[in-house]
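entry-v1.cif (mmCIF, C-alpha atoms and all ligand atoms)
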```cif
data_work
#
loop_
_atom_site.label_atom_id
_atom_site.label_comp_id
_atom_site.auth_asym_id
_atom_site.auth_seq_id
_atom_site.Cartn_x
_atom_site.Cartn_y
_atom_site.Cartn_z
CA MET A 1 120.73 116.92 80.83
CA SER A 2 118.61 116.89 83.97
CA GLY A 3 116.23 114.06 84.52
CA LEU A 4 112.70 113.42 85.55
CA ALA A 5 110.79 115.11 88.38
CA ILE A 6 107.51 113.69 89.72
CA ARG A 7 105.18 115.69 91.97
CA ALA A 8 103.04 113.69 94.40
CA ASP A 9 102.65 112.74 98.06
CA LEU A 10 105.81 110.70 98.69
CA LEU A 11 105.71 107.74 101.09
CA ASP A 12 108.68 105.54 101.88
CA PHE A 13 110.61 104.30 104.91
CA GLY A 14 114.04 105.17 106.24
CA ALA A 15 113.97 102.27 108.70
CA ASP A 16 111.73 99.57 110.16
CA PRO A 17 108.80 101.32 111.87
CA GLY A 18 108.28 98.44 114.30
CA TRP A 19 104.65 97.80 115.27
CA SER A 20 103.67 101.41 115.91
CA ALA A 21 100.56 102.80 114.26
CA ALA A 22 101.38 106.38 115.32
CA ASP A 23 101.40 108.99 112.57
CA ASP A 24 105.01 109.80 113.50
CA ALA A 25 106.20 106.20 113.93
CA PRO A 26 109.96 105.81 113.54
CA GLY A 27 111.17 105.32 109.98
CA VAL A 28 108.03 106.69 108.29
CA ARG A 29 108.91 109.27 105.62
CA PHE A 30 105.77 110.94 104.39
CA ARG A 31 106.43 114.05 102.34
CA ALA A 32 103.13 115.60 101.28
CA ASP A 33 103.25 117.36 97.93
CA HIS A 34 106.95 117.02 97.08
CA TRP A 35 108.92 116.53 93.90
CA LEU A 36 111.00 113.38 93.55
CA LEU A 37 114.05 113.98 91.35
CA ILE A 38 115.49 111.21 89.17
CA ASP A 39 118.67 111.56 87.16
CA ALA A 40 119.14 110.60 83.54
CA ARG A 41 120.50 107.17 84.54
CA GLY A 42 117.29 106.40 86.42
CA ARG A 43 118.68 106.92 89.93
CA ILE A 44 116.98 108.89 92.67
CA VAL A 45 118.64 112.22 93.40
CA GLY A 46 116.41 113.48 96.22
CA ALA A 47 113.11 115.13 97.05
CA GLN A 48 112.15 118.78 97.47
CA ARG A 49 109.10 120.87 98.12
CA GLU A 50 109.82 123.51 95.44
CA ALA A 51 109.26 122.79 91.77
CA PRO A 52 112.56 122.09 90.00
CA ASP A 53 113.59 124.32 87.09
CA ALA A 54 112.45 123.72 83.55
CA SER A 55 115.55 121.71 82.65
CA TRP A 56 113.76 118.80 84.39
CA THR A 57 111.00 116.84 82.66
CA ARG A 58 108.21 117.54 85.13
CA HIS A 59 105.24 115.25 85.75
CA ASP A 60 102.74 116.92 88.05
CA HIS A 61 100.62 114.36 89.92
CA GLN A 62 99.66 116.58 92.82
CA GLY A 63 97.23 114.74 95.09
CA ALA A 64 98.37 111.23 94.07
CA LEU A 65 100.52 108.91 96.20
CA LEU A 66 104.00 107.81 95.08
CA THR A 67 105.58 104.74 96.68
CA PRO A 68 108.62 102.65 95.86
CA GLY A 69 107.67 99.83 93.49
CA PHE A 70 106.57 96.79 95.47
CA ILE A 71 108.75 93.72 95.96
CA ASP A 72 106.93 90.37 95.75
CA THR A 73 109.29 87.81 97.29
CA HIS A 74 107.46 84.68 96.14
CA VAL A 75 105.35 84.27 93.03
CA HIS A 76 105.01 81.55 90.37
CA LEU A 77 105.49 82.39 86.70
CA PRO A 78 103.32 79.55 85.29
CA GLN A 79 100.39 79.88 87.67
CA LEU A 80 98.30 82.81 86.40
CA GLU A 81 96.03 80.23 84.83
CA VAL A 82 95.43 78.33 88.10
CA ILE A 83 94.47 81.33 90.25
CA ALA A 84 91.09 80.78 91.87
CA SER A 85 90.93 77.00 91.41
CA TYR A 86 88.21 75.51 93.59
CA GLY A 87 88.12 73.05 96.40
CA THR A 88 91.57 71.74 97.38
CA GLU A 89 94.37 72.08 99.92
CA LEU A 90 98.03 72.18 98.95
CA LEU A 91 98.89 68.61 97.92
CA ASP A 92 95.67 68.00 95.97
CA TRP A 93 95.87 71.52 94.51
CA LEU A 94 99.34 70.73 93.12
CA ASN A 95 98.23 67.44 91.56
CA THR A 96 94.84 68.58 90.32
CA TYR A 97 95.57 72.01 88.93
CA THR A 98 99.17 73.15 89.17
CA PHE A 99 101.31 70.35 87.81
CA PRO A 100 99.05 69.91 84.75
CA ALA A 101 99.30 73.65 84.02
CA GLU A 102 103.08 73.65 84.37
CA ARG A 103 103.45 70.90 81.75
CA ARG A 104 102.53 73.37 78.99
CA TRP A 105 105.79 75.24 79.58
CA VAL A 106 107.74 72.55 77.75
CA ASP A 107 107.02 74.73 74.70
CA PRO A 108 109.46 77.69 74.40
CA ALA A 109 106.74 79.74 72.67
CA VAL A 110 104.51 79.31 75.74
CA CYS A 111 107.47 80.36 77.91
CA ALA A 112 108.21 83.53 75.90
CA ALA A 113 104.59 84.69 75.68
CA GLY A 114 103.89 83.69 79.29
CA ALA A 115 106.93 85.51 80.68
CA ALA A 116 105.96 88.74 78.93
CA THR A 117 102.36 88.50 80.16
CA PHE A 118 103.49 87.72 83.68
CA LEU A 119 105.97 90.60 84.03
CA ASP A 120 103.58 93.08 82.45
CA ALA A 121 100.96 91.92 84.95
CA LEU A 122 103.37 92.54 87.84
CA LEU A 123 104.04 96.06 86.53
CA ALA A 124 100.30 96.65 86.17
CA HIS A 125 100.00 95.94 89.91
CA GLY A 126 102.85 98.30 90.88
CA THR A 127 105.30 95.46 91.52
CA THR A 128 108.74 96.18 90.09
CA SER A 129 110.87 93.46 91.72
CA ALA A 130 110.12 89.80 92.31
CA VAL A 131 111.53 86.48 93.41
CA VAL A 132 109.98 84.09 90.94
CA PHE A 133 109.47 80.34 90.52
CA PRO A 134 109.53 79.28 86.84
CA THR A 135 108.96 75.62 85.90
CA VAL A 136 111.39 72.70 85.59
CA HIS A 137 111.92 73.66 81.96
CA ALA A 138 115.17 75.61 81.51
CA ALA A 139 113.42 77.54 78.73
CA SER A 140 110.97 79.00 81.24
CA ALA A 141 113.79 80.51 83.33
CA ASP A 142 115.52 81.71 80.15
CA ALA A 143 112.33 83.39 78.93
CA LEU A 144 111.71 85.04 82.29
CA PHE A 145 115.22 86.45 82.53
CA ALA A 146 115.10 87.71 78.94
CA ALA A 147 111.74 89.42 79.50
CA ALA A 148 112.95 90.96 82.78
CA GLN A 149 116.09 92.24 81.07
CA GLN A 150 113.98 93.87 78.35
CA ARG A 151 111.97 95.67 81.03
CA GLY A 152 115.00 96.52 83.19
CA MET A 153 113.43 94.78 86.20
CA ARG A 154 115.08 93.33 89.29
CA VAL A 155 114.18 89.65 89.07
CA ILE A 156 115.56 86.72 91.04
CA ALA A 157 114.72 83.27 89.67
CA GLY A 158 116.05 79.88 88.65
CA GLN A 159 115.08 76.59 87.10
CA CYS A 160 112.67 74.74 89.38
CA LEU A 161 114.20 71.51 90.69
CA MET A 162 112.04 68.37 90.99
CA ASP A 163 113.21 64.78 90.59
CA ARG A 164 110.39 62.75 92.20
CA HIS A 165 106.73 62.79 93.27
CA ALA A 166 105.65 64.84 90.26
CA PRO A 167 104.52 63.81 86.74
CA ALA A 168 107.43 62.21 84.85
CA ASP A 169 107.59 65.07 82.35
CA LEU A 170 108.02 67.52 85.25
CA THR A 171 111.01 65.77 86.78
CA VAL A 172 114.58 66.30 85.68
CA ALA A 173 117.44 63.96 86.66
CA VAL A 174 120.07 65.44 88.97
CA ASP A 175 122.93 65.56 86.46
CA GLN A 176 120.74 67.16 83.77
CA SER A 177 119.39 69.84 86.12
CA GLU A 178 122.91 70.54 87.37
CA ARG A 179 123.99 71.16 83.78
CA ASP A 180 120.90 73.28 83.08
CA SER A 181 121.44 75.32 86.24
CA GLU A 182 125.11 75.91 85.47
CA ALA A 183 124.25 77.13 81.97
CA LEU A 184 121.54 79.46 83.29
CA ILE A 185 123.88 80.82 85.98
CA ALA A 186 126.53 81.51 83.34
CA ARG A 187 123.98 83.25 81.12
CA TRP A 188 122.07 85.33 83.65
CA HIS A 189 123.47 85.53 87.16
CA GLY A 190 124.69 89.05 87.94
CA ARG A 191 123.74 90.34 84.51
CA GLU A 192 122.24 93.82 84.88
CA ARG A 193 119.50 93.48 87.51
CA LEU A 194 119.14 89.71 87.37
CA ALA A 195 120.25 87.12 89.89
CA TYR A 196 119.98 83.36 89.95
CA ALA A 197 118.17 81.48 92.70
CA VAL A 198 118.71 77.78 93.23
CA THR A 199 115.05 76.81 93.19
CA VAL A 200 114.09 73.67 95.10
CA ARG A 201 110.32 73.17 94.62
CA PHE A 202 109.82 71.69 98.08
CA ALA A 203 111.32 68.82 100.03
CA PRO A 204 108.83 66.13 98.83
CA THR A 205 109.75 66.59 95.16
CA SER A 206 113.51 66.33 95.71
CA THR A 207 115.70 63.34 96.50
CA ASP A 208 118.61 63.79 98.88
CA ALA A 209 120.86 63.61 95.81
CA GLN A 210 119.11 66.61 94.27
CA LEU A 211 119.23 68.59 97.52
CA ALA A 212 122.96 67.85 97.75
CA MET A 213 123.38 69.13 94.18
CA ALA A 214 121.53 72.33 95.12
CA GLY A 215 123.97 72.78 98.00
CA ARG A 216 126.91 72.28 95.63
CA LEU A 217 125.62 74.96 93.27
CA LEU A 218 125.30 77.42 96.16
CA GLY A 219 128.85 76.63 97.28
CA ARG A 220 130.27 77.02 93.79
CA HIS A 221 128.97 80.50 92.87
CA ASP A 222 129.00 83.79 94.77
CA GLY A 223 125.81 85.68 95.38
CA LEU A 224 123.29 83.00 94.42
CA TYR A 225 119.92 83.05 96.12
CA MET A 226 117.99 79.96 97.22
CA GLN A 227 114.21 79.74 97.14
CA THR A 228 111.84 77.02 98.23
CA HIS A 229 108.67 76.31 100.22
CA VAL A 230 108.67 75.25 103.86
CA ALA A 231 106.12 74.27 106.51
CA GLU A 232 103.03 75.41 104.61
CA ASN A 233 100.43 72.71 105.28
CA ARG A 234 99.96 70.05 107.97
CA ALA A 235 99.60 67.12 105.54
CA GLU A 236 102.74 68.30 103.76
CA LEU A 237 104.58 68.33 107.11
CA ASP A 238 103.53 64.73 107.84
CA TRP A 239 104.70 63.65 104.39
CA VAL A 240 108.08 65.33 104.80
CA ALA A 241 108.52 63.61 108.18
CA GLN A 242 107.88 60.24 106.47
CA LEU A 243 110.19 60.96 103.55
CA PHE A 244 113.05 62.31 105.67
CA PRO A 245 112.80 60.39 108.97
CA SER A 246 116.23 61.45 110.20
CA ALA A 247 115.63 65.20 109.74
CA ARG A 248 114.83 67.05 112.97
CA SER A 249 112.20 69.15 111.20
CA TYR A 250 111.01 70.14 107.73
CA LEU A 251 113.43 73.08 107.74
CA ASP A 252 116.25 70.76 108.76
CA VAL A 253 115.87 68.86 105.44
CA TYR A 254 117.18 72.02 103.78
CA ALA A 255 119.59 73.13 106.53
CA ARG A 256 121.56 69.91 106.53
CA HIS A 257 122.24 70.29 102.81
CA GLY A 258 123.62 73.81 103.29
CA LEU A 259 120.58 75.50 101.73
CA ILE A 260 119.86 78.02 104.50
CA GLY A 261 121.78 81.30 104.29
CA ALA A 262 121.29 85.06 104.15
CA ARG A 263 120.04 84.79 100.55
CA SER A 264 117.50 82.05 101.23
CA VAL A 265 113.83 82.87 100.68
CA LEU A 266 111.46 80.36 102.29
CA ALA A 267 107.83 80.69 101.35
CA HIS A 268 105.16 80.29 104.04
CA GLY A 269 107.02 79.17 107.20
CA ILE A 270 103.78 78.72 109.11
CA TRP A 271 104.52 75.55 111.06
CA LEU A 272 108.01 76.24 112.41
CA ASP A 273 109.23 75.71 115.97
CA ALA A 274 111.66 77.67 118.15
CA ALA A 275 114.68 75.67 116.96
CA ASP A 276 113.75 76.34 113.32
CA ARG A 277 113.40 80.03 114.09
CA ARG A 278 116.90 80.04 115.60
CA VAL A 279 118.32 78.44 112.45
CA LEU A 280 116.64 81.06 110.23
CA ALA A 281 117.57 83.97 112.50
CA ASP A 282 121.22 82.88 112.77
CA ALA A 283 121.43 82.57 108.98
CA ARG A 284 119.40 85.76 108.35
CA ALA A 285 117.20 83.67 106.01
CA GLN A 286 113.78 85.14 105.35
CA VAL A 287 110.24 83.82 105.50
CA ALA A 288 108.19 85.03 102.51
CA HIS A 289 104.80 85.37 104.17
CA SER A 290 102.01 84.60 101.67
CA PRO A 291 98.76 85.40 103.46
CA SER A 292 96.41 85.27 100.46
CA SER A 293 97.62 81.79 99.57
CA ASN A 294 97.55 80.62 103.19
CA LEU A 295 93.90 81.66 103.49
CA PHE A 296 92.84 80.38 100.08
CA LEU A 297 94.47 76.93 100.49
CA GLY A 298 93.48 76.74 104.17
CA SER A 299 97.13 76.31 105.14
CA GLY A 300 97.26 78.17 108.47
CA LEU A 301 98.02 81.45 110.22
CA MET A 302 101.64 82.59 110.03
CA PRO A 303 102.87 83.81 113.45
CA TRP A 304 104.62 87.01 112.33
CA ARG A 305 105.39 88.35 115.82
CA ALA A 306 106.94 85.08 116.96
CA HIS A 307 109.18 85.02 113.89
CA GLU A 308 110.16 88.64 114.27
CA ASP A 309 110.75 88.38 118.01
CA ALA A 310 113.10 85.47 117.28
CA GLY A 311 115.00 87.61 114.74
CA VAL A 312 113.67 85.97 111.56
CA PRO A 313 113.30 88.44 108.66
CA VAL A 314 109.77 88.43 107.19
CA SER A 315 108.88 89.62 103.69
CA LEU A 316 105.52 89.63 101.87
CA ALA A 317 104.51 87.62 98.84
CA SER A 318 101.49 87.04 96.64
CA ASP A 319 102.27 83.36 96.00
CA VAL A 320 100.08 83.45 92.92
CA GLY A 321 98.54 81.00 91.93
CA GLY A 322 97.96 79.73 95.50
CA GLY A 323 97.35 83.40 96.27
CA THR A 324 94.44 85.02 94.52
CA SER A 325 95.91 88.39 93.52
CA LEU A 326 99.18 89.89 92.32
CA SER A 327 98.23 93.07 94.18
CA MET A 328 100.51 93.76 97.13
CA GLN A 329 97.76 95.88 98.69
CA ARG A 330 95.51 92.82 98.64
CA THR A 331 98.41 90.84 100.11
CA MET A 332 98.87 93.42 102.89
CA ALA A 333 95.15 93.51 103.61
CA ASP A 334 95.12 89.70 103.90
CA ALA A 335 98.21 89.86 106.13
CA TYR A 336 96.29 92.20 108.44
CA LYS A 337 93.44 89.67 108.66
CA VAL A 338 95.78 86.73 109.27
CA GLN A 339 97.32 88.63 112.19
CA ALA A 340 93.90 89.76 113.43
CA MET A 341 92.89 86.08 113.70
CA GLN A 342 95.82 85.77 116.14
CA HIS A 343 94.84 88.93 118.07
CA VAL A 344 97.77 90.87 116.61
CA LYS A 345 97.26 94.17 114.80
CA LEU A 346 99.45 94.79 111.76
CA PRO A 347 100.00 98.54 111.22
CA ALA A 348 100.00 99.89 107.67
CA TRP A 349 103.55 101.11 108.31
CA LYS A 350 104.85 97.62 109.07
CA ALA A 351 103.03 96.12 106.08
CA LEU A 352 104.24 98.77 103.64
CA TYR A 353 107.78 98.74 104.98
CA THR A 354 107.82 94.96 104.58
CA ALA A 355 106.61 95.15 100.96
CA THR A 356 109.32 97.72 100.10
CA ARG A 357 112.45 98.48 102.10
CA GLY A 358 112.06 95.48 104.42
CA ALA A 359 112.08 93.04 101.51
CA ALA A 360 114.98 94.91 99.90
CA ARG A 361 116.92 94.61 103.13
CA ALA A 362 116.15 90.91 103.55
CA LEU A 363 117.36 90.33 99.97
CA GLY A 364 120.55 92.36 100.49
CA LEU A 365 119.34 94.94 97.94
CA GLU A 366 118.67 97.98 100.13
CA HIS A 367 121.19 100.03 98.10
CA GLU A 368 119.14 99.45 94.90
CA ILE A 369 115.42 99.07 95.64
CA GLY A 370 112.70 99.61 98.22
CA SER A 371 113.06 103.31 99.08
CA PHE A 372 113.57 106.85 97.83
CA ASP A 373 117.12 106.97 99.21
CA ALA A 374 119.44 108.95 96.95
CA GLY A 375 121.32 106.52 94.70
CA CYS A 376 118.56 103.88 94.59
CA LEU A 377 117.08 103.06 91.20
CA ALA A 378 113.78 104.85 90.57
CA ASP A 379 111.43 101.87 90.68
CA LEU A 380 108.19 103.66 91.49
CA ALA A 381 104.43 103.24 91.62
CA LEU A 382 101.93 106.12 91.47
CA TRP A 383 98.50 105.55 93.04
CA ARG A 384 95.18 107.29 93.44
CA TRP A 385 94.39 107.58 97.14
CA ALA A 386 90.83 106.43 96.50
CA GLU A 387 89.09 104.64 93.67
CA GLY A 388 85.32 104.45 93.58
CA PRO A 389 82.68 105.90 95.91
CA VAL A 390 83.29 103.74 98.98
CA ALA A 391 87.03 104.41 99.15
CA THR A 392 86.43 108.09 98.39
CA VAL A 393 84.10 108.43 101.38
CA ARG A 394 86.52 106.53 103.60
CA ASP A 395 89.52 108.55 102.48
CA ALA A 396 87.75 111.84 103.15
CA ALA A 397 86.83 110.69 106.67
CA ALA A 398 90.41 109.76 107.68
CA ARG A 399 91.54 111.85 110.64
CA GLY A 400 95.24 111.12 110.59
CA LEU A 401 98.01 109.85 108.36
CA HIS A 402 98.13 106.25 109.55
CA GLU A 403 94.36 106.01 109.36
CA ARG A 404 94.44 107.29 105.80
CA VAL A 405 97.24 104.98 104.67
CA PHE A 406 95.68 101.99 106.43
CA ALA A 407 92.35 102.59 104.66
CA TRP A 408 94.23 102.91 101.37
CA MET A 409 96.15 99.69 101.98
CA THR A 410 92.95 97.87 102.89
CA LEU A 411 90.80 99.15 100.02
CA ALA A 412 93.22 99.81 97.16
CA ASP A 413 94.42 97.45 94.46
CA GLN A 414 95.68 97.66 90.87
CA ARG A 415 92.67 99.77 89.93
CA ASN A 416 94.24 102.63 91.93
CA LEU A 417 97.46 102.47 89.92
CA GLU A 418 98.27 105.42 87.65
CA ALA A 419 101.77 104.49 86.49
CA THR A 420 104.81 102.35 87.16
CA TRP A 421 108.43 103.30 86.49
CA VAL A 422 111.41 100.96 86.40
CA ALA A 423 114.81 102.63 86.81
CA GLY A 424 113.18 105.94 85.88
CA ARG A 425 111.47 104.69 82.74
CA ALA A 426 107.68 104.52 82.51
CA ARG A 427 106.82 100.85 82.00
CA HIS A 428 103.10 100.89 82.72
CA ARG A 429 100.45 103.57 82.49
CA ALA A 430 96.79 103.40 83.40
CA LYS A 431 94.82 103.90 80.19
CA GLU A 432 93.46 107.32 81.03
CA THR A 433 96.74 108.88 82.30
CA THR A 434 99.31 110.74 80.22
CA THR A 435 102.36 110.22 82.45
N1 LIG B 1 104.61 73.84 97.53
C1 LIG B 1 105.21 73.25 96.48
N2 LIG B 1 104.87 73.82 95.32
C2 LIG B 1 104.02 74.82 95.63
C3 LIG B 1 103.33 75.80 94.85
O1 LIG B 1 103.40 75.86 93.63
N3 LIG B 1 102.55 76.67 95.55
C4 LIG B 1 102.45 76.63 96.90
N4 LIG B 1 101.67 77.51 97.52
N5 LIG B 1 103.08 75.72 97.65
C5 LIG B 1 103.87 74.84 97.02
ZN ZN B 2 104.63 79.12 96.18
#
```

Step by step, read the file and then write its structure as structure tokens.
Ligand code: GUN
Ligand code: ZN
Amino acid sequence: MSGLAIRADLLDFGADPGWSAADDAPGVRFRADHWLLIDARGRIVGAQREAPDASWTRHDHQGALLTPGFIDTHVHLPQLEVIASYGTELLDWLNTYTFPAERRWVDPAVCAAGAATFLDALLAHGTTSAVVFPTVHAASADALFAAAQQRGMRVIAGQCLMDRHAPADLTVAVDQSERDSEALIARWHGRERLAYAVTVRFAPTSTDAQLAMAGRLLGRHDGLYMQTHVAENRAELDWVAQLFPSARSYLDVYARHGLIGARSVLAHGIWLDAADRRVLADARAQVAHSPSSNLFLGSGLMPWRAHEDAGVPVSLASDVGGGTSLSMQRTMADAYKVQAMQHVKLPAWKALYTATRGAARALGLEHEIGSFDAGCLADLALWRWAEGPVATVRDAAARGLHERVFAWMTLADQRNLEATWVAGRARHRAKETTT
């Protein structure tokens, strides 16, 4: 049996396009009006201009835009309900809104329903892979993995570790969380498209004993990821310096416990210095840049060029609920504005590469996600180029390819989405489409 063939304008990247905004920037693969072929196991076979024969199930979306499904490298499972909470910066935001909301996840029924809602929401924004923070409750990680497995999604997550400076019912003692983590690793790590991430909330909510335990877990199991927050907010930085007076920097709190490696995903990374950048670059650890959250919580302007020039991999993240949208187009548009405030221009190519192949590469998953390379799983998102009268006028006025894609990236969101496929299976359809 042949597989599925989708006709659309295909856009992906063969390599990092650098900071060029030229229509023919290196790495850009734009194939206008092509068919993408997907085999019966959900893997990409290739692309061609001619229509495939009738043994293929053909979906004709001529005039729409097909991209790899987006990869959100930092997003919080329990925080849909705290999006758009008024009036605070990070530390007050956690205490006022976020910790109270996370307490509800003690109930496994809340976890199961919440995980399904959350993953369906990602798919409805064209996001097919994510690195996710659940809560301290082992049941929340269990529910997320089970829901991701049902949907065939690539999800990286782990029980959130906190053992101080949070409400008592959101802290778990070191030996208990070590047992919970071991059980979750045994159940989920490496199963189908799932991987476990040792998930340290952030330095202030962990004792040295808990950080040491996190390091032990990473040493004990192959292929684990590590996720945490670092250097997001100035008041947070001052607090970390007080709590860990012998650490050279905030990042060093993690580094000296062996938590920084090629599979480490550090959200924010705004207030890092040159020595921190060297540590991250040497380890190939990535900064998950979360521009929407950084603007909303007034955290600061992430210096993307400085990180990249130092060799630090940068990925893009919604950081919902600090961020205000699950849309990766909204995230990219905010990233453009954060760079513009620093007199740097972020090309659409760089932003889109970072939200697809760049993130896949930083996660060590380039063979599976992030592009239309033959052999990758067909995680795909199909978009209208323009939605509504303003975007339609702007799209029609575009004189070149980069201009058109940049306007799309800046104006589009989930309302442009027609359909999402995961490993070749349709997992979300806009109401009016028949994909
Ligand atoms: N630092 C520690 N926890 C959080 C969180 O939930 N969101 C953000 N943005 N920063 C954090
Ligand atoms: Zn976060």

Taking 3 positions as the minimum chain separation for residues in the same chain, which residues sit within 7 Å of Trp19 in chain A when counting all atoms listed in the file? Answer as an mmCIF file with C-alpha atoms, in the frame of the given file.
```cif
data_model
loop_
_atom_site.group_PDB
_atom_site.id
_atom_site.type_symbol
_atom_site.label_atom_id
_atom_site.label_comp_id
_atom_site.auth_asym_id
_atom_site.auth_seq_id
_atom_site.Cartn_x
_atom_site.Cartn_y
_atom_site.Cartn_z
ATOM 1 C CA LEU A 346 99.450 94.790 111.760
ATOM 2 C CA PRO A 347 100.000 98.540 111.220
ATOM 3 C CA LYS A 350 104.850 97.620 109.070
#
```

Original post:
Could you name the residues that touch Asp9 in chain A at 12 Å or less, counting all atoms listed in the file, but leaving out those on the same chain fewer than 3 positions away, as a list in words?
Top reply: Ile6, Asp12, Arg29, Phe30, Arg31, Ala32, Asp33, His34, Trp35, Leu36, Ala47, Gln48, Arg49, Asp60, His61, Gln62, Gly63, Ala64, Leu65, Leu66, Thr67, Pro68, Ala381, Leu382, Trp383, Arg384, Trp385, Leu401 and Val405 of chain A

Tell me, counting all atoms listed in the file, for each residue of range 167-236 of chain A within 12 Å of range 261-277 of chain A, which pair of atoms is nearest and how far apart they are in Å to one decimal, in rows ordered by chain and increasing number, as a Markdown table.
```
| residue | atom | partner | partner_atom | distance |
| --- | --- | --- | --- | --- |
| A:Ala195 | CA | A:Arg263 | CA | 10.9 |
| A:Tyr196 | CA | A:Arg263 | CA | 10.7 |
| A:Ala197 | CA | A:Ser264 | CA | 8.6 |
| A:Val198 | CA | A:Ser264 | CA | 9.1 |
| A:Thr199 | CA | A:Val265 | CA | 9.7 |
| A:Val200 | CA | A:Leu266 | CA | 10.2 |
| A:Arg201 | CA | A:Ala267 | CA | 10.4 |
| A:Phe202 | CA | A:Leu266 | CA | 9.8 |
| A:Ala203 | CA | A:Leu266 | CA | 11.8 |
| A:Gly215 | CA | A:Gly261 | CA | 10.8 |
| A:Leu218 | CA | A:Gly261 | CA | 9.7 |
| A:Gly219 | CA | A:Gly261 | CA | 11.0 |
| A:Asp222 | CA | A:Arg263 | CA | 10.7 |
| A:Gly223 | CA | A:Arg263 | CA | 7.8 |
| A:Leu224 | CA | A:Arg263 | CA | 7.2 |
| A:Tyr225 | CA | A:Arg263 | CA | 4.8 |
| A:Met226 | CA | A:Ser264 | CA | 4.5 |
| A:Gln227 | CA | A:Val265 | CA | 4.7 |
| A:Thr228 | CA | A:Leu266 | CA | 5.3 |
| A:His229 | CA | A:Ala267 | CA | 4.6 |
| A:Val230 | CA | A:Gly269 | CA | 5.4 |
| A:Ala231 | CA | A:Trp271 | CA | 5.0 |
| A:Glu232 | CA | A:His268 | CA | 5.4 |
| A:Asn233 | CA | A:Trp271 | CA | 7.6 |
| A:Arg234 | CA | A:Trp271 | CA | 7.8 |
| A:Ala235 | CA | A:Trp271 | CA | 11.2 |
| A:Glu236 | CA | A:Trp271 | CA | 10.4 |
```

Applying 7 Å and all atoms listed in the file, which residues near Asp319 in chain A remain after dropping the ones on its own chain fewer than 3 positions away? List them as a JSON list (two decimals) with C-alpha atoms, in the coordinates of the input.
```json
[["chain", "number", "residue", "atom", "x", "y", "z"],
["A", 74, "HIS", "CA", 107.46, 84.68, 96.14],
["A", 75, "VAL", "CA", 105.35, 84.27, 93.03],
["A", 76, "HIS", "CA", 105.01, 81.55, 90.37],
["A", 290, "SER", "CA", 102.01, 84.60, 101.67],
["A", 293, "SER", "CA", 97.62, 81.79, 99.57],
["A", 322, "GLY", "CA", 97.96, 79.73, 95.50],
["A", 323, "GLY", "CA", 97.35, 83.40, 96.27]]
```

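In this structure, CA of Ala288 in chain A sits 26.4 Å away from CA of Gln150 in chain A.
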
Subject >> Top pick for closest residue to Thr128 in chain A, considering A:Ala351, A:Ile71, A:Leu161, A:Ala5 and counting only C-alpha atoms >> reply: A:Ile71

Original post:
Hey, which of A:Phe296, A:Arg284, A:Met328, A:Ala166 ends up closest to Val312 in chain A? Count only C-alpha atoms.
Top reply: A:Arg284

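Take the candidates A:Gln149, A:Ser292, A:Ser140, A:Asn416 and check each one against ligand ZN 2 (chain B) using all atoms listed in the file; the shortest distance goes to A:Ser292.
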
Emit as lines of an AutoDock Vina configuration file the padded axis-aligned box for all listed atoms of ligand LIG 1 (chain B), 8 Å per side, with centre and edge lengths in Å to one decimal.
```
center_x = 103.4
center_y = 75.4
center_z = 95.6
size_x = 19.5
size_y = 20.3
size_z = 20.0
```

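Take the candidates A:Gly311, A:Pro108, A:Gly300, A:Pro245 and check each one against Leu280 in chain A using only C-alpha atoms; the shortest distance goes to A:Gly311.
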
**OP:** May I have the residues within 8 Å of range 129-131 of chain A as a ChimeraX atom specification, using all atoms listed in the file and disregarding those fewer than 4 positions away in the same chain?
**Re:** /A:69-75,153-157

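Near Tyr250 in chain A, within 8 Å and counting all atoms listed in the file, sit Ala203, Val230, Ala231, Leu237, Val240, Ala241, Ala247, Arg248, Asp252, Val253 and Tyr254 of chain A; same-chain residues fewer than 2 positions away were not included.
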
Sorted per-residue table, range 20-102 of chain A near range 113-123 of chain A, closest atoms and distance, 8 Å, all atoms listed in the file, as a tab-separated table:
```
residue	atom	partner	partner_atom	distance
A:Leu77	CA	A:Phe118	CA	6.4
A:Pro78	CA	A:Gly114	CA	7.3
A:Leu80	CA	A:Phe118	CA	7.6
```

Subject >> Nearest residue to ligand ZN 2 (chain B) from the set A:Ala397, A:Ala84, A:Leu297, A:Ala310 (distances using all atoms listed in the file) >> reply: A:Leu297

Original post:
When you draw a straight line from atom N4 of ligand LIG 1 (chain B) to CA of Gln242 in chain A, how long is it in Å?
Top reply: 20.4 Å

Original post:
Hey, which of A:Ala335, A:Leu10, A:Leu217, A:Ile83 ends up closest to ligand ZN 2 (chain B)? Count all atoms listed in the file.
Top reply: A:Ile83

Original post:
Rounded to one decimal in Å, what is the spacing between CA of Glu403 in chain A and CA of Val338 in chain A?
Top reply: 19.3 Å

Original post:
Within 12 Å of (95.0, 70.4, 86.4), in the coordinates the file gives, what residues turn up when you count only C-alpha atoms, written out as a ChimeraX atom specification?
Top reply: /A:79,81-83,85-86,88,92-104,167
